[in-house]
file my_file.cif (mmCIF, N, CA and C atoms)
data_my_file
loop_
_atom_site.group_PDB
_atom_site.id
_atom_site.type_symbol
_atom_site.label_atom_id
_atom_site.label_comp_id
_atom_site.auth_asym_id
_atom_site.auth_seq_id
_atom_site.Cartn_x
_atom_site.Cartn_y
_atom_site.Cartn_z
ATOM 1 N N MET H 1 -33.122 -0.832 5.672
ATOM 2 C CA MET H 1 -33.817 -0.883 4.397
ATOM 3 C C MET H 1 -33.130 0.063 3.412
ATOM 4 N N GLU H 2 -32.942 -0.422 2.224
ATOM 5 C CA GLU H 2 -32.248 0.325 1.166
ATOM 6 C C GLU H 2 -33.127 1.474 0.675
ATOM 7 N N LYS H 3 -32.479 2.605 0.403
ATOM 8 C CA LYS H 3 -33.179 3.761 -0.129
ATOM 9 C C LYS H 3 -33.028 3.757 -1.651
ATOM 10 N N TYR H 4 -34.096 4.107 -2.362
ATOM 11 C CA TYR H 4 -34.094 4.137 -3.821
ATOM 12 C C TYR H 4 -34.432 5.542 -4.309
ATOM 13 N N TYR H 5 -33.826 5.893 -5.441
ATOM 14 C CA TYR H 5 -34.025 7.212 -6.028
ATOM 15 C C TYR H 5 -34.588 7.080 -7.434
ATOM 16 N N THR H 6 -35.430 8.029 -7.803
ATOM 17 C CA THR H 6 -35.851 8.145 -9.197
ATOM 18 C C THR H 6 -34.697 8.840 -9.938
ATOM 19 N N PRO H 7 -34.690 8.802 -11.259
ATOM 20 C CA PRO H 7 -33.624 9.498 -11.990
ATOM 21 C C PRO H 7 -33.537 10.996 -11.665
ATOM 22 N N ILE H 8 -34.668 11.640 -11.430
ATOM 23 C CA ILE H 8 -34.662 13.062 -11.093
ATOM 24 C C ILE H 8 -34.048 13.285 -9.716
ATOM 25 N N GLN H 9 -34.398 12.442 -8.750
ATOM 26 C CA GLN H 9 -33.815 12.564 -7.418
ATOM 27 C C GLN H 9 -32.311 12.266 -7.443
ATOM 28 N N ALA H 10 -31.924 11.271 -8.223
ATOM 29 C CA ALA H 10 -30.503 10.940 -8.346
ATOM 30 C C ALA H 10 -29.737 12.101 -8.973
ATOM 31 N N ALA H 11 -30.348 12.766 -9.947
ATOM 32 C CA ALA H 11 -29.717 13.921 -10.585
ATOM 33 C C ALA H 11 -29.493 15.038 -9.570
ATOM 34 N N GLN H 12 -30.463 15.245 -8.702
ATOM 35 C CA GLN H 12 -30.307 16.273 -7.667
ATOM 36 C C GLN H 12 -29.210 15.895 -6.684
ATOM 37 N N GLU H 13 -29.102 14.629 -6.343
ATOM 38 C CA GLU H 13 -28.062 14.169 -5.415
ATOM 39 C C GLU H 13 -26.664 14.308 -6.013
ATOM 40 N N LEU H 14 -26.539 14.022 -7.314
ATOM 41 C CA LEU H 14 -25.235 14.060 -7.977
ATOM 42 C C LEU H 14 -24.923 15.416 -8.608
ATOM 43 N N HIS H 15 -25.873 16.351 -8.534
ATOM 44 C CA HIS H 15 -25.706 17.697 -9.092
ATOM 45 C C HIS H 15 -25.449 17.664 -10.595
ATOM 46 N N VAL H 16 -26.242 16.861 -11.282
ATOM 47 C CA VAL H 16 -26.218 16.804 -12.741
ATOM 48 C C VAL H 16 -27.661 16.893 -13.227
ATOM 49 N N SER H 17 -27.851 16.970 -14.528
ATOM 50 C CA SER H 17 -29.209 17.039 -15.057
ATOM 51 C C SER H 17 -29.827 15.644 -15.112
ATOM 52 N N ASP H 18 -31.139 15.611 -15.141
ATOM 53 C CA ASP H 18 -31.830 14.325 -15.239
ATOM 54 C C ASP H 18 -31.568 13.661 -16.589
ATOM 55 N N ILE H 19 -31.301 14.445 -17.596
ATOM 56 C CA ILE H 19 -30.961 13.889 -18.911
ATOM 57 C C ILE H 19 -29.634 13.138 -18.833
ATOM 58 N N THR H 20 -28.681 13.675 -18.079
ATOM 59 C CA THR H 20 -27.391 13.009 -17.901
ATOM 60 C C THR H 20 -27.585 11.666 -17.211
ATOM 61 N N ILE H 21 -28.428 11.630 -16.193
ATOM 62 C CA ILE H 21 -28.709 10.375 -15.490
ATOM 63 C C ILE H 21 -29.318 9.363 -16.458
ATOM 64 N N CYS H 22 -30.245 9.805 -17.283
ATOM 65 C CA CYS H 22 -30.873 8.892 -18.250
ATOM 66 C C CYS H 22 -29.853 8.375 -19.267
ATOM 67 N N ARG H 23 -28.905 9.212 -19.671
ATOM 68 C CA ARG H 23 -27.842 8.756 -20.578
ATOM 69 C C ARG H 23 -26.980 7.696 -19.904
ATOM 70 N N TRP H 24 -26.637 7.915 -18.630
ATOM 71 C CA TRP H 24 -25.823 6.952 -17.892
ATOM 72 C C TRP H 24 -26.567 5.637 -17.713
ATOM 73 N N LEU H 25 -27.881 5.710 -17.487
ATOM 74 C CA LEU H 25 -28.676 4.487 -17.351
ATOM 75 C C LEU H 25 -28.699 3.719 -18.677
ATOM 76 N N LYS H 26 -28.915 4.441 -19.758
ATOM 77 C CA LYS H 26 -28.985 3.814 -21.076
ATOM 78 C C LYS H 26 -27.641 3.202 -21.476
ATOM 79 N N ALA H 27 -26.526 3.885 -21.097
ATOM 80 C CA ALA H 27 -25.194 3.393 -21.436
ATOM 81 C C ALA H 27 -24.738 2.256 -20.521
ATOM 82 N N GLY H 28 -25.481 1.996 -19.458
ATOM 83 C CA GLY H 28 -25.115 0.929 -18.536
ATOM 84 C C GLY H 28 -24.107 1.344 -17.476
ATOM 85 N N LYS H 29 -23.875 2.637 -17.343
ATOM 86 C CA LYS H 29 -22.933 3.116 -16.337
ATOM 87 C C LYS H 29 -23.539 3.075 -14.940
ATOM 88 N N LEU H 30 -24.849 3.195 -14.864
ATOM 89 C CA LEU H 30 -25.578 3.111 -13.601
ATOM 90 C C LEU H 30 -26.567 1.955 -13.696
ATOM 91 N N GLU H 31 -26.592 1.120 -12.676
ATOM 92 C CA GLU H 31 -27.572 0.027 -12.656
ATOM 93 C C GLU H 31 -28.869 0.527 -12.029
ATOM 94 N N TYR H 32 -29.977 -0.022 -12.502
ATOM 95 C CA TYR H 32 -31.283 0.410 -12.004
ATOM 96 C C TYR H 32 -32.242 -0.769 -11.969
ATOM 97 N N ILE H 33 -33.361 -0.545 -11.310
ATOM 98 C CA ILE H 33 -34.426 -1.541 -11.243
ATOM 99 C C ILE H 33 -35.594 -0.992 -12.051
ATOM 100 N N GLN H 34 -36.070 -1.789 -13.016
ATOM 101 C CA GLN H 34 -37.204 -1.383 -13.842
ATOM 102 C C GLN H 34 -38.483 -1.796 -13.104
ATOM 103 N N VAL H 35 -39.179 -0.822 -12.509
ATOM 104 C CA VAL H 35 -40.376 -1.094 -11.719
ATOM 105 C C VAL H 35 -41.585 -1.271 -12.628
ATOM 106 N N SER H 36 -41.715 -0.419 -13.610
ATOM 107 C CA SER H 36 -42.804 -0.536 -14.584
ATOM 108 C C SER H 36 -42.238 -0.109 -15.939
ATOM 109 N N GLU H 37 -43.109 0.024 -16.906
ATOM 110 C CA GLU H 37 -42.659 0.359 -18.251
ATOM 111 C C GLU H 37 -41.916 1.699 -18.287
ATOM 112 N N ARG H 38 -42.350 2.668 -17.488
ATOM 113 C CA ARG H 38 -41.767 4.004 -17.533
ATOM 114 C C ARG H 38 -41.074 4.412 -16.238
ATOM 115 N N ARG H 39 -41.010 3.528 -15.274
ATOM 116 C CA ARG H 39 -40.447 3.907 -13.970
ATOM 117 C C ARG H 39 -39.218 3.079 -13.651
ATOM 118 N N ARG H 40 -38.120 3.800 -13.347
ATOM 119 C CA ARG H 40 -36.873 3.154 -12.964
ATOM 120 C C ARG H 40 -36.431 3.703 -11.618
ATOM 121 N N LEU H 41 -35.819 2.841 -10.815
ATOM 122 C CA LEU H 41 -35.309 3.254 -9.515
ATOM 123 C C LEU H 41 -33.831 2.874 -9.412
ATOM 124 N N ILE H 42 -33.083 3.739 -8.750
ATOM 125 C CA ILE H 42 -31.652 3.527 -8.579
ATOM 126 C C ILE H 42 -31.372 3.392 -7.087
ATOM 127 N N ALA H 43 -30.683 2.332 -6.706
ATOM 128 C CA ALA H 43 -30.370 2.095 -5.303
ATOM 129 C C ALA H 43 -29.305 3.081 -4.829
ATOM 130 N N GLU H 44 -29.394 3.439 -3.532
ATOM 131 C CA GLU H 44 -28.426 4.368 -2.959
ATOM 132 C C GLU H 44 -27.010 3.791 -2.993
ATOM 133 N N THR H 45 -26.886 2.494 -2.757
ATOM 134 C CA THR H 45 -25.561 1.865 -2.811
ATOM 135 C C THR H 45 -24.990 1.926 -4.218
ATOM 136 N N GLU H 46 -25.847 1.834 -5.240
ATOM 137 C CA GLU H 46 -25.383 1.937 -6.624
ATOM 138 C C GLU H 46 -24.855 3.341 -6.910
ATOM 139 N N LEU H 47 -25.523 4.363 -6.368
ATOM 140 C CA LEU H 47 -25.027 5.727 -6.542
ATOM 141 C C LEU H 47 -23.669 5.898 -5.866
ATOM 142 N N GLN H 48 -23.499 5.325 -4.683
ATOM 143 C CA GLN H 48 -22.222 5.416 -3.978
ATOM 144 C C GLN H 48 -21.119 4.682 -4.750
ATOM 145 N N ASN H 49 -21.442 3.496 -5.269
ATOM 146 C CA ASN H 49 -20.469 2.741 -6.065
ATOM 147 C C ASN H 49 -20.094 3.508 -7.337
ATOM 148 N N PHE H 50 -21.093 4.109 -7.957
ATOM 149 C CA PHE H 50 -20.865 4.880 -9.178
ATOM 150 C C PHE H 50 -19.927 6.050 -8.898
ATOM 151 N N LEU H 51 -20.158 6.749 -7.795
ATOM 152 C CA LEU H 51 -19.298 7.887 -7.453
ATOM 153 C C LEU H 51 -17.882 7.437 -7.137
ATOM 154 N N SER H 52 -17.736 6.306 -6.488
ATOM 155 C CA SER H 52 -16.381 5.833 -6.163
ATOM 156 C C SER H 52 -15.620 5.416 -7.422
ATOM 157 N N ARG H 53 -16.328 4.965 -8.459
ATOM 158 C CA ARG H 53 -15.674 4.596 -9.723
ATOM 159 C C ARG H 53 -15.304 5.812 -10.555
ATOM 160 N N ARG H 54 -15.929 6.950 -10.291
ATOM 161 C CA ARG H 54 -15.738 8.135 -11.118
ATOM 162 C C ARG H 54 -14.722 9.114 -10.539
ATOM 163 N N ILE H 55 -13.828 8.687 -9.692
ATOM 164 C CA ILE H 55 -12.811 9.577 -9.158
ATOM 165 C C ILE H 55 -11.872 9.966 -10.300
ATOM 166 N N VAL H 56 -11.693 11.253 -10.461
ATOM 167 C CA VAL H 56 -10.889 11.767 -11.564
ATOM 168 C C VAL H 56 -9.604 12.358 -10.997
ATOM 169 N N ALA H 57 -8.488 11.937 -11.548
ATOM 170 C CA ALA H 57 -7.195 12.462 -11.118
ATOM 171 C C ALA H 57 -6.952 13.806 -11.793
ATOM 172 N N PRO H 58 -6.329 14.746 -11.092
ATOM 173 C CA PRO H 58 -6.037 16.023 -11.733
ATOM 174 C C PRO H 58 -5.010 15.844 -12.834
ATOM 175 N N PRO H 59 -5.045 16.695 -13.844
ATOM 176 C CA PRO H 59 -4.092 16.561 -14.946
ATOM 177 C C PRO H 59 -2.670 16.850 -14.480
ATOM 178 N N LYS H 60 -1.725 16.253 -15.182
ATOM 179 C CA LYS H 60 -0.322 16.506 -14.880
ATOM 180 C C LYS H 60 0.015 17.941 -15.254
ATOM 181 N N LYS H 61 0.955 18.514 -14.524
ATOM 182 C CA LYS H 61 1.343 19.888 -14.792
ATOM 183 C C LYS H 61 2.086 19.961 -16.120
ATOM 184 N N ILE H 62 1.682 20.906 -16.921
ATOM 185 C CA ILE H 62 2.325 21.122 -18.207
ATOM 186 C C ILE H 62 3.544 22.003 -17.964
ATOM 187 N N VAL H 63 4.662 21.592 -18.495
ATOM 188 C CA VAL H 63 5.891 22.354 -18.321
ATOM 189 C C VAL H 63 5.779 23.642 -19.133
ATOM 190 N N ASP H 64 5.999 24.758 -18.448
ATOM 191 C CA ASP H 64 5.942 26.045 -19.139
ATOM 192 C C ASP H 64 7.151 26.191 -20.048
ATOM 193 N N ARG H 65 6.883 26.559 -21.274
ATOM 194 C CA ARG H 65 7.967 26.799 -22.208
ATOM 195 C C ARG H 65 7.692 28.136 -22.884
ATOM 196 N N PRO H 66 8.727 28.880 -23.194
ATOM 197 C CA PRO H 66 8.503 30.192 -23.807
ATOM 198 C C PRO H 66 7.894 30.051 -25.197
ATOM 199 N N ARG H 67 6.961 30.905 -25.477
ATOM 200 C CA ARG H 67 6.323 30.936 -26.789
ATOM 201 C C ARG H 67 6.615 32.283 -27.420
ATOM 202 N N ASP H 68 6.472 32.356 -28.705
ATOM 203 C CA ASP H 68 6.801 33.585 -29.420
ATOM 204 C C ASP H 68 5.978 34.771 -28.922
ATOM 205 N N TYR H 69 4.691 34.562 -28.639
ATOM 206 C CA TYR H 69 3.851 35.683 -28.243
ATOM 207 C C TYR H 69 4.048 36.063 -26.773
ATOM 208 N N ASP H 70 4.798 35.266 -25.984
ATOM 209 C CA ASP H 70 5.101 35.623 -24.597
ATOM 210 C C ASP H 70 6.306 36.553 -24.494
ATOM 211 N N ARG H 71 7.125 36.573 -25.513
ATOM 212 C CA ARG H 71 8.338 37.382 -25.473
ATOM 213 C C ARG H 71 7.999 38.850 -25.746
ATOM 214 N N PRO H 72 8.702 39.778 -25.112
ATOM 215 C CA PRO H 72 8.428 41.196 -25.359
ATOM 216 C C PRO H 72 8.853 41.608 -26.765
ATOM 217 N N TRP H 73 8.216 42.623 -27.263
ATOM 218 C CA TRP H 73 8.545 43.151 -28.579
ATOM 219 C C TRP H 73 9.900 43.836 -28.494
ATOM 220 N N THR H 74 10.825 43.487 -29.374
ATOM 221 C CA THR H 74 12.189 43.973 -29.258
ATOM 222 C C THR H 74 12.593 44.979 -30.321
ATOM 223 N N GLY H 75 11.783 45.225 -31.269
ATOM 224 C CA GLY H 75 12.194 46.185 -32.292
ATOM 225 C C GLY H 75 11.174 46.322 -33.382
ATOM 226 N N PRO H 76 11.551 47.038 -34.434
ATOM 227 C CA PRO H 76 10.609 47.267 -35.522
ATOM 228 C C PRO H 76 10.280 45.975 -36.269
ATOM 229 N N VAL H 77 9.106 45.958 -36.821
ATOM 230 C CA VAL H 77 8.670 44.826 -37.612
ATOM 231 C C VAL H 77 9.365 44.892 -38.958
ATOM 232 N N GLU H 78 9.704 43.743 -39.507
ATOM 233 C CA GLU H 78 10.459 43.682 -40.765
ATOM 234 C C GLU H 78 9.792 44.461 -41.887
ATOM 235 N N ASN H 79 8.488 44.354 -42.012
ATOM 236 C CA ASN H 79 7.823 45.031 -43.125
ATOM 237 C C ASN H 79 7.527 46.500 -42.819
ATOM 238 N N GLY H 80 7.864 46.964 -41.601
ATOM 239 C CA GLY H 80 7.707 48.371 -41.261
ATOM 240 C C GLY H 80 6.291 48.789 -40.974
ATOM 241 N N SER H 81 5.397 47.849 -40.648
ATOM 242 C CA SER H 81 4.005 48.215 -40.448
ATOM 243 C C SER H 81 3.776 48.941 -39.128
ATOM 244 N N LEU H 82 4.596 48.683 -38.110
ATOM 245 C CA LEU H 82 4.378 49.334 -36.822
ATOM 246 C C LEU H 82 5.399 50.396 -36.483
ATOM 247 N N ALA H 83 6.598 50.282 -36.946
ATOM 248 C CA ALA H 83 7.619 51.255 -36.558
ATOM 249 C C ALA H 83 8.648 51.409 -37.669
ATOM 250 N N LYS H 84 9.295 52.538 -37.658
ATOM 251 C CA LYS H 84 10.369 52.814 -38.608
ATOM 252 C C LYS H 84 11.653 52.985 -37.814
ATOM 253 N N GLU H 85 12.740 52.402 -38.295
ATOM 254 C CA GLU H 85 13.995 52.481 -37.555
ATOM 255 C C GLU H 85 14.576 53.883 -37.563
ATOM 256 N N ASP H 86 14.306 54.658 -38.595
ATOM 257 C CA ASP H 86 14.914 55.974 -38.678
ATOM 258 C C ASP H 86 14.194 57.012 -37.814
ATOM 259 N N ASP H 87 13.077 56.665 -37.205
ATOM 260 C CA ASP H 87 12.351 57.585 -36.337
ATOM 261 C C ASP H 87 12.939 57.521 -34.929
ATOM 262 N N PRO H 88 13.578 58.594 -34.427
ATOM 263 C CA PRO H 88 14.203 58.538 -33.105
ATOM 264 C C PRO H 88 13.192 58.362 -31.981
ATOM 265 N N GLY H 89 11.956 58.754 -32.166
ATOM 266 C CA GLY H 89 10.939 58.592 -31.120
ATOM 267 C C GLY H 89 10.664 57.128 -30.819
ATOM 268 N N ASP H 90 10.782 56.253 -31.823
ATOM 269 C CA ASP H 90 10.543 54.830 -31.622
ATOM 270 C C ASP H 90 11.605 54.211 -30.736
ATOM 271 N N LYS H 91 12.833 54.659 -30.903
ATOM 272 C CA LYS H 91 13.913 54.081 -30.113
ATOM 273 C C LYS H 91 13.826 54.531 -28.656
ATOM 274 N N GLU H 92 13.359 55.768 -28.426
ATOM 275 C CA GLU H 92 13.283 56.297 -27.074
ATOM 276 C C GLU H 92 12.077 55.751 -26.316
ATOM 277 N N ASN H 93 10.953 55.753 -26.951
ATOM 278 C CA ASN H 93 9.749 55.319 -26.248
ATOM 279 C C ASN H 93 8.836 54.591 -27.228
ATOM 280 N N GLY H 94 8.929 53.270 -27.224
ATOM 281 C CA GLY H 94 8.138 52.461 -28.146
ATOM 282 C C GLY H 94 6.652 52.525 -27.876
ATOM 283 N N VAL H 95 6.275 52.801 -26.635
ATOM 284 C CA VAL H 95 4.854 52.844 -26.285
ATOM 285 C C VAL H 95 4.170 54.014 -26.960
ATOM 286 N N LYS H 96 4.811 55.191 -26.940
ATOM 287 C CA LYS H 96 4.206 56.362 -27.570
ATOM 288 C C LYS H 96 4.055 56.150 -29.064
ATOM 289 N N SER H 97 5.095 55.581 -29.703
ATOM 290 C CA SER H 97 5.016 55.385 -31.148
ATOM 291 C C SER H 97 3.962 54.340 -31.501
ATOM 292 N N LEU H 98 3.837 53.333 -30.686
ATOM 293 C CA LEU H 98 2.819 52.319 -30.934
ATOM 294 C C LEU H 98 1.424 52.913 -30.751
ATOM 295 N N THR H 99 1.272 53.771 -29.756
ATOM 296 C CA THR H 99 -0.003 54.442 -29.533
ATOM 297 C C THR H 99 -0.354 55.323 -30.726
ATOM 298 N N LYS H 100 0.654 56.043 -31.268
ATOM 299 C CA LYS H 100 0.418 56.845 -32.449
ATOM 300 C C LYS H 100 -0.012 56.001 -33.635
ATOM 301 N N GLU H 101 0.661 54.863 -33.809
ATOM 302 C CA GLU H 101 0.354 53.970 -34.927
ATOM 303 C C GLU H 101 -1.066 53.437 -34.805
ATOM 304 N N ILE H 102 -1.467 53.067 -33.585
ATOM 305 C CA ILE H 102 -2.826 52.554 -33.360
ATOM 306 C C ILE H 102 -3.851 53.641 -33.645
ATOM 307 N N ALA H 103 -3.562 54.873 -33.196
ATOM 308 C CA ALA H 103 -4.472 55.984 -33.452
ATOM 309 C C ALA H 103 -4.626 56.230 -34.951
ATOM 310 N N LEU H 104 -3.532 56.121 -35.701
ATOM 311 C CA LEU H 104 -3.602 56.306 -37.152
ATOM 312 C C LEU H 104 -4.429 55.197 -37.803
ATOM 313 N N LEU H 105 -4.293 53.973 -37.316
ATOM 314 C CA LEU H 105 -5.031 52.861 -37.907
ATOM 315 C C LEU H 105 -6.523 52.931 -37.586
ATOM 316 N N CYS H 106 -6.872 53.540 -36.451
ATOM 317 C CA CYS H 106 -8.271 53.596 -36.021
ATOM 318 C C CYS H 106 -9.059 54.735 -36.668
ATOM 319 N N ARG H 107 -8.405 55.598 -37.403
ATOM 320 C CA ARG H 107 -9.099 56.734 -38.020
ATOM 321 C C ARG H 107 -9.993 56.298 -39.127
#

call {"tool": "encode", "arguments": {"input": "my_file.cif", "output": "structure tokens"}}
result
Amino acid sequence: MEKYYTPIQAAQELHVSDITICRWLKAGKLEYIQVSERRRLIAETELQNFLSRRIVAPPKKIVDRPRDYDRPWTGPVENGSLAKEDDPGDKENGVKSLTKEIALLCR
């Protein structure tokens, strides 16, 4: 004998909300039996068929390509907002000078 589910029970079986099940019923993605004006039942075989149709393939791997923000910082900014070329501390240790610049901006 075939087992039947209410939309709420089907939602629990498929791990989705009952609203999602009702949307699928309304869109015709899931077949159901209209028992009364407000009661619908979904056959277990229909749920199995629905799941077999919804197999999703994983996305293709995106080829990694270098982007501007992935590259390390190589020198002073053209407008001089972060570093000055004539400051010897910047050439020796860019981290300290950047830390100083950030501290000045945060005051």

call {"tool": "residues_around", "arguments": {"input": "my_file.cif", "residues": "Glu31 in chain H", "least_positions_apart": "4", "cutoff": "8 Å", "atoms": "all atoms listed in the file", "output": "PyMOL selection string"}}
result
chain H and resi 24-25+41-43+46-47+50

call {"tool": "atom_distance", "arguments": {"input": "my_file.cif", "atom1": "CA of Ile8 in chain H", "atom2": "CA of Cys22 in chain H"}}
result
9.1 Å

call {"tool": "residues_around", "arguments": {"input": "my_file.cif", "residues": "Ile21 in chain H", "least_positions_apart": "6", "cutoff": "7 Å", "atoms": "all atoms listed in the file", "output": "ChimeraX atom specification"}}
result
/H:7,10-11

call {"tool": "write_last_selection", "arguments": {"input": "my_file.cif", "atoms": "N, CA and C atoms", "output": "PDB file, keeping the file's coordinate frame"}}
result
ATOM      1  N   PRO H   7     -34.690   8.802 -11.259  1.00  0.00           N
ATOM      2  CA  PRO H   7     -33.624   9.498 -11.990  1.00  0.00           C
ATOM      3  C   PRO H   7     -33.537  10.996 -11.665  1.00  0.00           C
ATOM      4  N   ALA H  10     -31.924  11.271  -8.223  1.00  0.00           N
ATOM      5  CA  ALA H  10     -30.503  10.940  -8.346  1.00  0.00           C
ATOM      6  C   ALA H  10     -29.737  12.101  -8.973  1.00  0.00           C
ATOM      7  N   ALA H  11     -30.348  12.766  -9.947  1.00  0.00           N
ATOM      8  CA  ALA H  11     -29.717  13.921 -10.585  1.00  0.00           C
ATOM      9  C   ALA H  11     -29.493  15.038  -9.570  1.00  0.00           C
TER      10      ALA H  11
END

call {"tool": "closest_residue", "arguments": {"input": "my_file.cif", "among": "H:Ser17, H:Ser97, H:Gln34, H:Thr45", "to": "Glu2 in chain H", "atoms": "only N, CA and C atoms"}}
result
H:Thr45
